Structure formats: C-alpha cells, structure tokens
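Participant: Structure file coords32.cif, mmCIF, C-alpha atoms, is pasted below:
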data_data
loop_
_atom_site.label_atom_id
_atom_site.label_comp_id
_atom_site.auth_asym_id
_atom_site.auth_seq_id
_atom_site.Cartn_x
_atom_site.Cartn_y
_atom_site.Cartn_z
CA MET A 14 22.04 8.74 -34.36
CA SER A 15 20.90 12.09 -33.02
CA THR A 16 19.60 12.85 -29.57
CA ASP A 17 16.11 13.40 -30.96
CA GLU A 18 15.30 9.71 -30.91
CA ALA A 19 16.69 9.40 -27.37
CA ASP A 20 14.57 12.36 -26.26
CA ARG A 21 11.50 10.86 -27.88
CA LEU A 22 12.01 7.55 -26.04
CA ILE A 23 12.69 9.30 -22.73
CA ALA A 24 9.58 11.46 -23.18
CA ALA A 25 7.55 8.29 -23.76
CA ALA A 26 9.01 6.71 -20.62
CA LEU A 27 8.22 9.86 -18.62
CA ARG A 28 4.63 9.83 -19.88
CA ASP A 29 4.31 6.18 -18.86
CA HIS A 30 6.00 6.38 -15.48
CA ALA A 31 6.30 9.93 -14.13
CA ARG A 32 2.76 10.24 -12.84
CA VAL A 33 2.24 8.30 -9.62
CA ALA A 34 -1.28 7.38 -8.56
CA ALA A 35 -2.26 8.98 -5.29
CA PRO A 36 -2.77 6.45 -2.48
CA ALA A 37 -6.43 5.56 -1.97
CA ARG A 38 -6.21 6.68 1.66
CA LEU A 39 -5.12 10.16 0.57
CA ARG A 40 -7.96 10.39 -1.94
CA ARG A 41 -10.51 9.26 0.69
CA ARG A 42 -9.13 11.73 3.18
CA LEU A 43 -9.33 14.63 0.72
CA GLU A 44 -12.86 13.68 -0.32
CA ARG A 45 -14.02 13.44 3.27
CA ARG A 46 -12.39 16.72 4.22
CA PHE A 47 -13.02 18.89 1.20
CA VAL A 48 -15.82 17.43 -0.92
CA ARG A 49 -18.35 15.84 1.41
CA GLY A 50 -18.16 18.73 3.82
CA GLU A 51 -18.81 21.10 0.94
CA ARG A 52 -21.79 19.10 -0.33
CA ARG A 53 -23.43 19.13 3.07
CA TRP A 54 -23.89 22.87 2.73
CA ILE A 55 -24.34 23.37 -0.96
CA LEU A 56 -26.93 20.73 -1.82
CA PRO A 57 -29.57 21.85 0.66
CA ALA A 58 -29.12 25.39 -0.58
CA LEU A 59 -29.60 24.23 -4.17
CA THR A 60 -32.71 22.19 -3.43
CA GLY A 61 -34.36 24.76 -1.27
CA LEU A 62 -34.21 22.54 1.79
CA GLY A 63 -31.66 24.80 3.40
CA GLY A 64 -34.28 27.29 4.53
CA ALA A 65 -36.43 24.60 6.14
CA ILE A 66 -33.44 23.09 7.92
CA ALA A 67 -32.28 26.47 9.16
CA ALA A 68 -35.77 27.29 10.41
CA ALA A 69 -36.01 23.96 12.21
CA ALA A 70 -32.59 24.54 13.75
CA LEU A 71 -33.67 27.97 14.97
CA VAL A 72 -36.80 26.53 16.57
CA LEU A 73 -34.73 23.88 18.31
CA LEU A 74 -32.24 26.48 19.42
CA PHE A 75 -34.88 28.53 21.16
CA LEU A 76 -37.03 25.72 22.51
CA ARG A 77 -34.31 23.41 23.81
CA PRO A 78 -31.55 24.13 26.26
CA ALA A 79 -28.22 24.46 24.52
CA ALA A 80 -26.00 21.41 24.86
CA ALA A 81 -22.60 22.14 26.37
CA LEU A 82 -20.04 22.17 23.57
CA PRO A 83 -16.74 20.46 24.36
CA ASP A 84 -14.04 23.00 24.99
CA PRO A 85 -10.76 22.28 23.13
CA ALA A 86 -8.74 24.22 25.73
CA PHE A 87 -10.02 22.12 28.67
CA GLU A 88 -9.60 18.96 26.60
CA ALA A 89 -6.02 19.99 25.79
CA VAL A 90 -5.15 20.47 29.45
CA GLY A 91 -6.57 17.04 30.33
CA ASP A 92 -4.68 15.39 27.50
CA HIS A 93 -1.50 17.26 28.37
CA GLN A 94 -1.72 15.89 31.90
CA ARG A 95 -2.05 12.41 30.44
CA VAL A 96 1.11 13.07 28.41
CA LEU A 97 2.92 14.17 31.57
CA ALA A 98 1.73 11.10 33.47
CA ALA A 99 2.51 8.64 30.67
CA ARG A 100 5.52 6.41 31.18
CA GLU A 101 6.52 6.83 27.57
CA LEU A 102 5.26 8.21 24.27
CA GLY A 103 4.11 6.17 21.29
CA VAL A 104 7.21 7.28 19.41
CA ILE A 105 10.26 8.85 20.98
CA ALA A 106 12.40 10.70 18.46
CA SER A 107 13.84 14.13 17.95
CA ASP A 108 13.57 13.82 14.18
CA MET A 109 10.20 14.85 12.73
CA HIS A 110 10.91 12.56 9.78
CA HIS A 111 10.64 9.67 12.22
CA VAL A 112 7.70 11.02 14.16
CA LYS A 113 5.34 11.94 11.32
CA PRO A 114 5.59 8.63 9.43
CA TRP A 115 4.81 6.87 12.73
CA PHE A 116 1.27 8.28 12.51
CA ALA A 117 0.62 6.57 9.15
CA GLY A 118 -2.12 4.01 9.65
CA LYS A 119 -2.90 5.34 13.13
CA LEU A 120 -4.69 8.50 12.01
CA ASP A 121 -6.93 9.17 9.03
CA PHE A 122 -5.13 12.43 8.28
CA VAL A 123 -1.60 13.72 7.94
CA PRO A 124 -0.98 16.24 10.72
CA PRO A 125 0.13 19.41 8.91
CA VAL A 126 3.09 20.21 11.14
CA THR A 127 6.21 21.36 9.36
CA PHE A 128 8.22 22.77 12.25
CA LEU A 129 10.89 20.17 12.90
CA GLY A 130 11.98 21.38 16.33
CA ASP A 131 15.10 23.42 17.01
CA ASP A 132 17.54 24.19 19.82
CA ASP A 133 14.94 26.23 21.71
CA PHE A 134 12.11 23.76 21.27
CA PRO A 135 13.51 20.29 20.58
CA LEU A 136 11.05 17.62 19.51
CA ARG A 137 10.73 14.75 21.96
CA GLY A 138 8.25 12.50 20.18
CA GLY A 139 4.62 11.89 19.40
CA ASP A 140 1.58 9.90 20.32
CA VAL A 141 -2.06 9.42 19.42
CA ALA A 142 -4.59 10.99 21.77
CA ILE A 143 -8.37 10.95 21.86
CA PHE A 144 -9.28 14.60 21.50
CA LEU A 145 -12.92 15.73 21.48
CA GLY A 146 -13.90 12.15 20.76
CA HIS A 147 -11.63 11.74 17.77
CA LYS A 148 -8.11 10.51 17.28
CA ALA A 149 -5.62 13.35 17.30
CA ALA A 150 -1.89 13.63 16.71
CA THR A 151 0.14 14.64 19.74
CA PHE A 152 3.58 16.19 19.27
CA VAL A 153 5.69 16.71 22.37
CA PHE A 154 8.28 19.46 22.44
CA ALA A 155 10.58 20.51 25.28
CA ARG A 156 11.50 23.92 26.59
CA ARG A 157 14.38 23.44 29.02
CA LEU A 158 12.82 21.05 31.57
CA HIS A 159 9.24 21.86 30.61
CA VAL A 160 7.04 19.71 28.39
CA ILE A 161 4.87 21.30 25.70
CA SER A 162 2.13 19.26 24.03
CA LEU A 163 0.71 20.08 20.63
CA PHE A 164 -2.58 18.40 19.71
CA VAL A 165 -3.64 18.40 16.07
CA PHE A 166 -7.14 17.22 15.32
CA ASP A 167 -9.59 17.02 12.46
CA GLY A 168 -11.85 19.99 13.13
CA ASP A 169 -11.84 23.59 14.20
CA ALA A 170 -10.64 25.28 17.34
CA PRO A 171 -11.50 28.88 18.22
CA SER A 172 -8.44 31.08 18.07
CA GLY A 173 -7.50 32.18 21.56
CA GLU A 174 -5.36 31.93 24.66
CA ARG A 175 -6.53 30.67 28.04
CA THR A 176 -5.02 29.74 31.38
CA ILE A 177 -6.66 26.70 32.92
CA ARG A 178 -5.51 25.30 36.27
CA GLY A 179 -2.17 27.04 35.77
CA PHE A 180 -1.55 25.65 32.27
CA HIS A 181 -1.37 28.07 29.37
CA VAL A 182 -3.30 26.94 26.30
CA ALA A 183 -3.21 28.45 22.81
CA THR A 184 -5.73 27.20 20.24
CA TRP A 185 -6.18 28.01 16.58
CA SER A 186 -7.34 26.55 13.26
CA ALA A 187 -5.58 26.29 9.94
CA GLY A 188 -6.28 24.36 6.77
CA GLY A 189 -9.29 22.60 8.24
CA PHE A 190 -7.41 21.37 11.30
CA GLY A 191 -7.59 22.44 14.91
CA PHE A 192 -4.45 23.00 16.97
CA ALA A 193 -4.04 23.19 20.74
CA LEU A 194 -0.70 23.99 22.34
CA VAL A 195 -0.48 23.54 26.10
CA SER A 196 2.23 23.76 28.74
CA ASP A 197 3.26 25.30 32.03
CA VAL A 198 5.92 27.42 30.29
CA GLY A 199 5.43 31.18 30.20
CA TRP A 200 3.34 32.87 27.54
CA ASP A 201 6.43 34.21 25.76
CA ASP A 202 7.76 30.70 25.21
CA LEU A 203 4.38 29.30 24.21
CA ARG A 204 3.82 32.12 21.73
CA ALA A 205 7.33 31.68 20.33
CA LEU A 206 6.63 28.01 19.62
CA ARG A 207 3.23 28.83 18.16
CA ALA A 208 4.91 31.34 15.82
CA ARG A 209 7.30 28.61 14.63
CA LEU A 210 4.40 26.21 14.09
CA THR A 211 2.39 28.69 12.05
CA GLU A 212 5.23 30.17 9.98
CA MET B 255 -36.58 1.17 -19.43
CA PRO B 256 -33.90 -1.54 -19.00
CA LEU B 257 -33.19 -2.30 -15.39
CA PHE B 258 -29.72 -3.75 -15.84
CA GLY B 259 -26.63 -3.20 -17.96
CA ARG B 260 -25.09 -0.17 -19.59
CA ARG B 261 -28.33 1.23 -20.99
CA ALA B 262 -29.84 1.21 -17.53
CA GLN B 263 -26.81 3.01 -16.11
CA LEU B 264 -27.02 5.66 -18.79
CA ALA B 265 -30.69 6.17 -18.05
CA VAL B 266 -29.92 6.63 -14.38
CA VAL B 267 -27.24 9.17 -15.20
CA ARG B 268 -29.66 11.12 -17.39
CA ASP B 269 -32.33 11.09 -14.71
CA ALA B 270 -29.99 12.29 -11.99
CA PRO B 271 -30.51 15.93 -11.08
CA SER B 272 -27.83 17.87 -12.92
CA ARG B 273 -25.62 20.23 -10.96
CA GLU B 274 -22.31 21.83 -11.59
CA PRO B 275 -19.42 20.05 -9.82
CA THR B 276 -18.07 22.12 -7.00
CA LEU B 277 -14.56 23.55 -7.13
CA ALA B 278 -13.43 20.94 -4.59
CA GLU B 279 -14.80 18.11 -6.75
CA ARG B 280 -13.14 19.50 -9.86
CA ALA B 281 -9.89 20.03 -7.97
CA LEU B 282 -9.94 16.46 -6.72
CA ASP B 283 -9.93 15.21 -10.32
CA HIS B 284 -6.28 16.30 -10.42
CA VAL B 285 -5.05 14.54 -7.30
CA ASP B 286 -2.93 11.96 -9.18
CA GLU B 287 -1.16 14.66 -11.20
CA LEU B 288 -0.42 16.70 -8.09
CA TYR B 289 0.65 13.69 -6.09
CA GLY B 290 3.02 12.60 -8.87
CA LEU B 291 4.81 15.93 -8.78
CA ALA B 292 4.82 15.92 -4.98
CA ARG B 293 6.44 12.46 -4.95
CA HIS B 294 9.18 13.57 -7.32
CA LEU B 295 9.80 16.73 -5.30
CA CYS B 296 9.64 15.26 -1.80
CA GLY B 297 11.04 11.81 -2.51
CA ASN B 298 8.87 10.07 0.06
CA VAL B 299 5.22 9.15 0.54
CA SER B 300 4.64 10.90 3.86
CA ASP B 301 5.88 14.34 2.80
CA ALA B 302 4.19 14.00 -0.60
CA GLU B 303 0.79 13.25 0.98
CA ASP B 304 1.32 16.11 3.38
CA LEU B 305 2.16 18.51 0.55
CA VAL B 306 -0.87 17.49 -1.51
CA GLN B 307 -3.18 17.81 1.48
CA GLU B 308 -1.74 21.25 2.21
CA THR B 309 -2.19 22.19 -1.45
CA TYR B 310 -5.90 21.39 -1.30
CA ALA B 311 -6.32 23.18 2.02
CA ARG B 312 -4.61 26.29 0.61
CA ALA B 313 -6.51 26.10 -2.68
CA LEU B 314 -9.92 25.77 -1.11
CA ALA B 315 -9.18 28.48 1.44
CA ALA B 316 -8.32 30.71 -1.53
CA ALA B 317 -11.28 29.48 -3.63
CA PRO B 318 -13.02 32.88 -3.65
CA ARG B 319 -9.96 34.27 -5.44
CA PHE B 320 -10.02 31.59 -8.15
CA GLU B 321 -11.25 33.12 -11.38
CA SER B 322 -13.89 30.92 -12.98
CA GLY B 323 -12.92 29.88 -16.49
CA THR B 324 -9.19 30.04 -15.85
CA ASN B 325 -6.93 27.01 -15.74
CA LEU B 326 -7.70 25.13 -12.52
CA ARG B 327 -4.88 22.60 -13.05
CA ALA B 328 -2.28 25.33 -13.50
CA TRP B 329 -3.62 27.13 -10.43
CA LEU B 330 -3.33 23.96 -8.31
CA PHE B 331 0.21 23.26 -9.53
CA ARG B 332 1.19 26.85 -8.71
CA ILE B 333 -0.17 26.44 -5.18
CA LEU B 334 1.67 23.14 -4.78
CA ARG B 335 4.90 24.75 -5.95
CA ASN B 336 4.49 27.66 -3.53
CA GLY B 337 3.75 25.22 -0.72
CA PHE B 338 6.83 23.17 -1.52
CA ILE B 339 9.09 26.24 -1.60
CA ASP B 340 7.62 27.49 1.70
CA ARG B 341 8.35 24.11 3.27
CA ALA B 342 11.93 24.11 1.99
CA ARG B 343 12.39 27.60 3.40
CA ARG B 344 11.00 26.57 6.79
CA ARG B 345 13.30 23.55 6.84
CA LYS B 346 16.20 25.74 5.78
CA ILE B 347 16.78 23.64 2.68
CA VAL B 348 18.61 25.61 0.03
CA LEU B 349 17.22 24.83 -3.41
CA GLU B 350 19.79 24.77 -6.18
CA ILE B 351 19.26 27.68 -8.56
CA PRO B 352 20.10 26.47 -12.05
CA ASP B 353 22.32 28.60 -14.24
CA ASP B 354 19.92 29.42 -17.05
CA THR B 355 22.53 31.16 -19.14
CA ILE B 356 24.44 28.02 -20.10
CA ASP B 357 23.54 26.80 -23.54
CA VAL B 358 23.10 23.13 -24.32
CA THR B 359 24.72 21.71 -27.40
CA ALA B 360 23.39 18.45 -28.68
CA SER B 361 26.50 16.72 -29.92
CA GLU B 362 25.89 13.26 -28.48
CA THR B 363 25.59 10.23 -30.64
CA TRP B 364 23.45 7.28 -29.70
CA ASP B 365 23.96 3.79 -31.04
CA ALA B 366 21.16 1.31 -31.52
CA SER B 367 21.87 -0.65 -28.33
CA SER B 368 21.82 2.52 -26.18
CA LEU B 369 18.52 3.52 -27.72
CA ASP B 370 17.18 0.03 -27.06
CA GLN B 371 17.84 0.53 -23.35
CA LEU B 372 15.60 3.56 -23.40
CA ARG B 373 12.74 1.54 -24.87
CA TYR B 374 12.43 -0.57 -21.74
CA LEU B 375 12.88 1.93 -18.91
CA THR B 376 11.15 1.01 -15.66
CA ALA B 377 9.25 3.33 -13.34
CA ALA B 378 12.05 3.03 -10.77
CA GLU B 379 14.70 4.03 -13.34
CA VAL B 380 12.63 7.03 -14.41
CA ALA B 381 12.05 8.05 -10.78
CA ARG B 382 15.79 7.82 -10.04
CA ALA B 383 16.65 9.92 -13.06
CA ILE B 384 14.11 12.60 -12.08
CA ALA B 385 15.36 12.55 -8.48
CA ALA B 386 18.87 13.34 -9.72
CA LEU B 387 17.64 16.59 -11.30
CA PRO B 388 17.71 19.95 -9.48
CA ILE B 389 14.29 20.86 -8.10
CA GLU B 390 13.58 23.57 -10.68
CA PHE B 391 14.31 21.08 -13.46
CA ARG B 392 11.95 18.56 -11.89
CA PHE B 393 9.17 21.15 -12.04
CA VAL B 394 9.58 21.92 -15.72
CA VAL B 395 10.06 18.30 -16.74
CA TYR B 396 6.98 17.13 -14.86
CA LEU B 397 4.80 20.00 -16.07
CA ASP B 398 5.99 19.33 -19.63
CA VAL B 399 5.00 15.68 -19.25
CA GLU B 400 1.59 16.84 -17.99
CA GLY B 401 1.12 18.65 -21.29
CA PHE B 402 1.54 22.26 -20.22
CA SER B 403 2.94 24.64 -22.83
CA GLU B 404 6.19 26.50 -22.15
CA ALA B 405 4.18 29.70 -21.57
CA GLU B 406 1.93 27.90 -19.06
CA ILE B 407 4.90 26.38 -17.26
CA ALA B 408 6.52 29.81 -17.12
CA ASP B 409 3.38 31.17 -15.51
CA ILE B 410 3.31 28.35 -12.93
CA VAL B 411 6.98 28.54 -11.97
CA ARG B 412 7.13 32.32 -12.31
CA CYS B 413 9.90 32.73 -14.84
CA ALA B 414 10.28 33.75 -18.49
CA PRO B 415 9.22 31.29 -21.23
CA GLY B 416 12.79 31.38 -22.53
CA THR B 417 14.01 30.19 -19.14
CA VAL B 418 11.58 27.26 -19.28
CA LYS B 419 12.88 26.36 -22.73
CA SER B 420 16.46 26.47 -21.50
CA ARG B 421 15.70 24.45 -18.36
CA LEU B 422 13.83 21.83 -20.36
CA ALA B 423 16.74 21.43 -22.76
CA ARG B 424 19.23 21.14 -19.92
CA ALA B 425 16.98 18.76 -18.00
CA LYS B 426 16.67 16.54 -21.07
CA ALA B 427 20.44 16.48 -21.43
CA ARG B 428 20.78 15.41 -17.79
CA LEU B 429 18.09 12.77 -18.19
CA ARG B 430 19.83 11.37 -21.27
CA ALA B 431 23.11 11.19 -19.37
CA ALA B 432 21.48 9.60 -16.29
CA LEU B 433 19.51 7.03 -18.24
CA GLU B 434 22.38 6.13 -20.51
CA GLU B 435 24.54 5.40 -17.48
CA LYS B 436 21.84 3.47 -15.63
CA PRO B 437 23.09 0.21 -14.10
#
Rewrite the structure from the file as structure tokens, please.

Facilitator:
Amino acid sequence: MSTDEADRLIAAALRDHARVAAPARLRRRLERRFVRGERRWILPALTGLGGAIAAAALVLLFLRPAAALPDPAFEAVGDHQRVLAARELGVIASDMHHVKPWFAGKLDFVPPVTFLGDDDFPLRGGDVAIFLGHKAATFVFARRLHVISLFVFDGDAPSGERTIRGFHVATWSAGGFGFALVSDVGWDDLRALRARLTE
Amino acid sequence: MPLFGRRAQLAVVRDAPSREPTLAERALDHVDELYGLARHLCGNVSDAEDLVQETYARALAAAPRFESGTNLRAWLFRILRNGFIDRARRRKIVLEIPDDTIDVTASETWDASSLDQLRYLTAAEVARAIAALPIEFRFVVYLDVEGFSEAEIADIVRCAPGTVKSRLARAKARLRAALEEKP
C-alpha cells in the first residue's frame, strides 16, 4: 500500500491530538491581564460614562489631598534587605529551569524572565515576596560576593534609576510587568545585568 | 418572554448591548491553538505558558500596528514564532536548519497491520513523534494541522511556499518513520 493512506491516518491523529488545551490558570491569567484591564477603559468610553468619571476624578484630585503612592524603588530596597537577612531562599538553585517552575502555584503569573544567569551573574535562587501589596517573584543573582535581587510584579514601575540608603535600584516595565533590580554593586554591574534581563 | 431555558438565554443575548469584541478578546479565542504549538516547541508546561503569555504581551503592545481585517491568527502565530526564536537565541540554543534541497521519494510500502497501528495513535505517541522533529518542521506540521495554507505558513515562518511544501513532505516522512517504529 502507498504512503498516502499512512499520511491520511497520521494527519487524522495530528488533528485529534496535536492541539493541547491551554491550562485554565493560563487562560484566567491572560483574561485578567489583557481583557478585563482593557474593558475597564473601553466600556466607559463607549457608554459615555467616561467623561463623567474623568470629571469626578478631576474634582477629587483638586479637592482632596493626594494620597502617597507606594514607591517601587523604596519597596525594592526594603525587600532586598529582607532577602539579605533571610536564612535561606524559597528555592536555591543555579538553574532557571528549577527556579521558574518552583513559582507555579505560588504566583498567579509566570515571571517573564528569560536570562538564565551566566558566569558574571550566576543565579542563586528565588523566593516569593510581598511587593506593593501583591505577591511578586524574587530572583537572586550574585556578582562576586554581592547579592542582587530582582523583583517581578504584576503592575507597572516607572523607568528609572535611584540610589536609596546606599543601594542602587533600577526599575522598569515590560509586557505589563514591573521590574525592580536592587543591590549594593556599582551602577556598571547593575546596568550590565539589566541589559541581560531586557535583551 | 420565557424566563428559563434556551429561549430565555437567546432573548438575553439579543437584549445585551452589542459591541465589537476587543482585539484582546478576539486574540484570546486562539489561546489553545497557540498553547498547543508552544507545548510542542518548548516541551514543557512552564516554558510553554511563559511563551504564550509573552506572545500576548507582545501582540497587545503592538496592537496599533495590527491591520484590521487581516488574519489575526496568523499574526499571533508569527509573534509566537518570533518570541520562541528570540528565546532560543538568548539561551544560546542553536536551532537545526533543515536542508530544504533534499527531495523526498515516497517508496515505502505499508502493510495492513502497520496501517492499523496508525489508526489508534495516542496523544502521547503523537507528541513524541512531533518532539523528534527539528523545530522548523514542528512549525510547518502544526500550522498545517491548524488549517493554514502553504502560502500562509510561508508568510508566518518567513520562507518561500516551495520551502514549506518541501518541509511538510520531509516532516511527514519523518513522522511515518517515527510512528511506524513506535514501541
């Protein structure tokens, strides 16, 4: 018999089995991040309520004292000090393929970190931190004897560099996530790691 | 108006204020298709979820550049492919470049019992056979299964339609060999 029949049967098997249903947690996460957030802005605009809400917000802005917004850089320094003081991390591993799966079930997002660590910045492990009131992924890298913490959280961080109590902090946003990198290493080292993380 | 049952549901749907689904909502309709490809490319759940999430983040960041009326599925698959290749590059993984010049001759013969094996393939056997293919072959096979034409696949994977045809033929030959030898 020819290969045509074999190809036909294989094609049928591929149609039946090749597609894999996305896990419900992934679907929920994507909906929460990309769809519900979008609706919050579009629906009021469509219904005409947007103008009223904006006007009310403006009135509140001028009539009420502005609430202090939490500062990701200060939060990062505090959390970095907790990392330094901790006896051990949630997961200690130099292999990102061990560290990232450890977060499954502990966070409601997959931290989009693809840098695996290298000779200059070896990965030491990871942990879950409370960052700006939400659970965040913590990745700990080393630079010689220094510790560098990377916090990845669900939200935005203003892009910038600050020095707070002697710690250098770099913050940025990408893909709907906020990132804060903090350490007592020099700026050159911190920027070099940031470049690897954002490549 | 009926309060319960299918007629009631239909009435509710008709009464709901109509609005066009947003790009994000339309894109999310394709999450299973994208995740399936991501699983076959990455080989594990964690990386596949990560790749799909990154695909949506990239797509929606680039939403203003999406041309309304063009193929949203193809656009999403192209973004997923680019994301996967970027990841491989960052991880210094060298992707095998298939030799597209080799022709495939179909000179195999299949007996009835061998064909019978193919009638009862399991999902695990199919996944193993796909995993044994070079990455570029996995792309064309999966996109073919998803119903894309050779021209559309060529546009997604950025190669000539003739190359897609050749890769599909060679991928099929490898799949036949892998599934015939399955334990």

Participant: Kindly resolve the PyMOL selection byres ((chain A) within 8 of (chain B)) on the present coordinates and return the residues as a ChimeraX atom specification.

Facilitator: /A:14-16,18-20,22-24,26-35,39-40,43-44,47-48,51,113-114,117,123-125,127-129,188-189,212

Participant: Suppose you want the space between CA of Arg332 in chain B and CA of Asp169 in chain A; what is it in Å?

Facilitator: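 We find that CA of Arg332 in chain B and CA of Asp169 in chain A lie 26.6 Å from each other.
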
Participant: Tell me, as an MDAnalysis selection string, which residues lie within 6 Å of range 153-155 of chain A, counting only C-alpha atoms; anything in the same chain fewer than 3 positions away does not count.

Facilitator: chainID A and resid 134:139 159:162

Participant: I'd like to see the residues matched by the PyMOL selection byres ((chain A and resi 87) around 12) on this file, and ideally I'd get them as a ChimeraX atom specification.

Facilitator: /A:82-86,88-94,144-145,170,174-184,193-195

Participant: Generate a file of the selected residues that holds C-alpha atoms, formatted as a tab-separated table (two decimals), keeping the file's coordinate frame.

Facilitator:
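The resulting again34.tsv:
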chain	number	residue	atom	x	y	z
A	82	LEU	CA	-20.04	22.17	23.57
A	83	PRO	CA	-16.74	20.46	24.36
A	84	ASP	CA	-14.04	23.00	24.99
A	85	PRO	CA	-10.76	22.28	23.13
A	86	ALA	CA	-8.74	24.22	25.73
A	88	GLU	CA	-9.60	18.96	26.60
A	89	ALA	CA	-6.02	19.99	25.79
A	90	VAL	CA	-5.15	20.47	29.45
A	91	GLY	CA	-6.57	17.04	30.33
A	92	ASP	CA	-4.68	15.39	27.50
A	93	HIS	CA	-1.50	17.26	28.37
A	94	GLN	CA	-1.72	15.89	31.90
A	144	PHE	CA	-9.28	14.60	21.50
A	145	LEU	CA	-12.92	15.73	21.48
A	170	ALA	CA	-10.64	25.28	17.34
A	174	GLU	CA	-5.36	31.93	24.66
A	175	ARG	CA	-6.53	30.67	28.04
A	176	THR	CA	-5.02	29.74	31.38
A	177	ILE	CA	-6.66	26.70	32.92
A	178	ARG	CA	-5.51	25.30	36.27
A	179	GLY	CA	-2.17	27.04	35.77
A	180	PHE	CA	-1.55	25.65	32.27
A	181	HIS	CA	-1.37	28.07	29.37
A	182	VAL	CA	-3.30	26.94	26.30
A	183	ALA	CA	-3.21	28.45	22.81
A	184	THR	CA	-5.73	27.20	20.24
A	193	ALA	CA	-4.04	23.19	20.74
A	194	LEU	CA	-0.70	23.99	22.34
A	195	VAL	CA	-0.48	23.54	26.10

Participant: Measuring between all atoms listed in the file, which one of B:Arg343, B:Arg327, B:Arg428, B:Arg412 shows the shortest distance to Phe391 in chain B?

Facilitator: B:Arg428

Participant: Spell out the residues picked by the PyMOL selection byres ((chain A and resi 165) around 8) here, as a compact mmCIF listing (two decimals) with C-alpha atoms, keeping the file's coordinate frame.

Facilitator:
# COMPACT_ATOMS: atom_id res chain seq x y z
CA PRO A 124 -0.98 16.24 10.72
CA ALA A 149 -5.62 13.35 17.30
CA ALA A 150 -1.89 13.63 16.71
CA THR A 151 0.14 14.64 19.74
CA LEU A 163 0.71 20.08 20.63
CA PHE A 164 -2.58 18.40 19.71
CA PHE A 166 -7.14 17.22 15.32
CA ASP A 167 -9.59 17.02 12.46
CA PHE A 190 -7.41 21.37 11.30
CA GLY A 191 -7.59 22.44 14.91
CA PHE A 192 -4.45 23.00 16.97
CA ALA A 193 -4.04 23.19 20.74

Participant: In Å, how far is it from CA of Gly130 in chain A to CA of Ala205 in chain A?

Facilitator: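 The value is 12.0 Å.
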
Participant: Between CA of Val198 in chain A and CA of Trp115 in chain A, what is the distance, to one decimal in Å?

Facilitator: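 Between CA of Val198 in chain A and CA of Trp115 in chain A the gap works out to 27.1 Å.
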
Participant: Can you work out which one of B:Ala408, B:Ala432, B:Ile389, B:Cys413 has the shortest atom-to-atom distance to Ile347 in chain B, counting all atoms listed in the file?

Facilitator: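 That would be B:Ile389, the residue with the smallest distance to Ile347 in chain B.
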
Participant: For each of B:Leu422, B:Ser367, B:Gly416, B:Ala385, take the minimum atom-to-atom distance to Gly297 in chain B, counting all atoms listed in the file, then give the residue where this is smallest.

Facilitator: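 With all atoms listed in the file as the atom set, the closest residue is B:Ala385.
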